[in-house]
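Enquirer: I have a structure here, written as structure tokens, and I will follow up with some questions on it.
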Amino acid sequence: MAINTTEVIEKLASEIGENVYLDIAKWHLYLSNAHLHTLLAEQLYPILSAKSLDEDRVLHILQSIPVKIGGGKKEVSLIDFMPMQCQVILMDILEKYQRNL
């Protein structure tokens with residue numbers, strides 16, 4: 001059975017976008033609303049397809065994605081906005097997807 005990569009990335013992005021959020025002054029901005037879910041899914045998919053999911057690699061990717069704030073005056077790493085609970089949720093989502101690939 002052929003895997004449609006685009007479809008898998010879109011489904012992964014959707015699940016990430018609906019369940020993982022940025023915590024900003026106790027406000028929850030879901031990644032879909034922040035338009036970061038697809039970018040994150042695209043960067044995580046190669047790890048999943050290679051069956052090489054590892055928390056350190058995921059954390060490195062989260063660290064490497066800049067989030068512009070203040071109209072682009074400053075950039076802060078995505079991981080700095082994510083509470084630990086969201087990192088756990090993200091890992092659970094990724095483990096499920098890797099099992100199903």
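We label chains A, B, ... in the order they appear in the structure tokens, count residues from 1 in each chain, and number ligands from 1 in the order shown.
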Got a sec: who's within 12 Å of A:Glu7, counting only C-alpha atoms, leaving out chain neighbours fewer than 6 positions off, as a list in words?
Expert: Ala13, Ser14, Thr38, Ala41, Glu42 and Tyr45 of chain A
Enquirer: Find the residues near stretch 71-81 of chain A: any atom within 12 Å, counting only C-alpha atoms, skip ones fewer than 4 places away on the same chain, and give them as a ChimeraX atom specification.
Expert: /A:20-31,34,36-37,39-40,58-67,85-87,90
Enquirer: Output as a ChimeraX atom specification all residues of chain A that backbone DSSP marks as helix (DSSP H, G or I).
Expert: /A:5-19,37-49,55-64,78-81,84-100
Enquirer: Kindly indicate which residue among A:Ile89, A:Val8, A:Leu94, A:Met82 lies nearest to A:Asp54, using only C-alpha atoms for the distances.
Expert: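 Among A:Ile89, A:Val8, A:Leu94, A:Met82, it is A:Leu94 that comes nearest to A:Asp54.
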Enquirer: Which value, in Å to one decimal, gives the distance between atom CA of A:Tyr97 and atom CA of A:Leu48?
Expert: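 Atom-to-atom, atom CA of A:Tyr97 to atom CA of A:Leu48, that is 7.2 Å.
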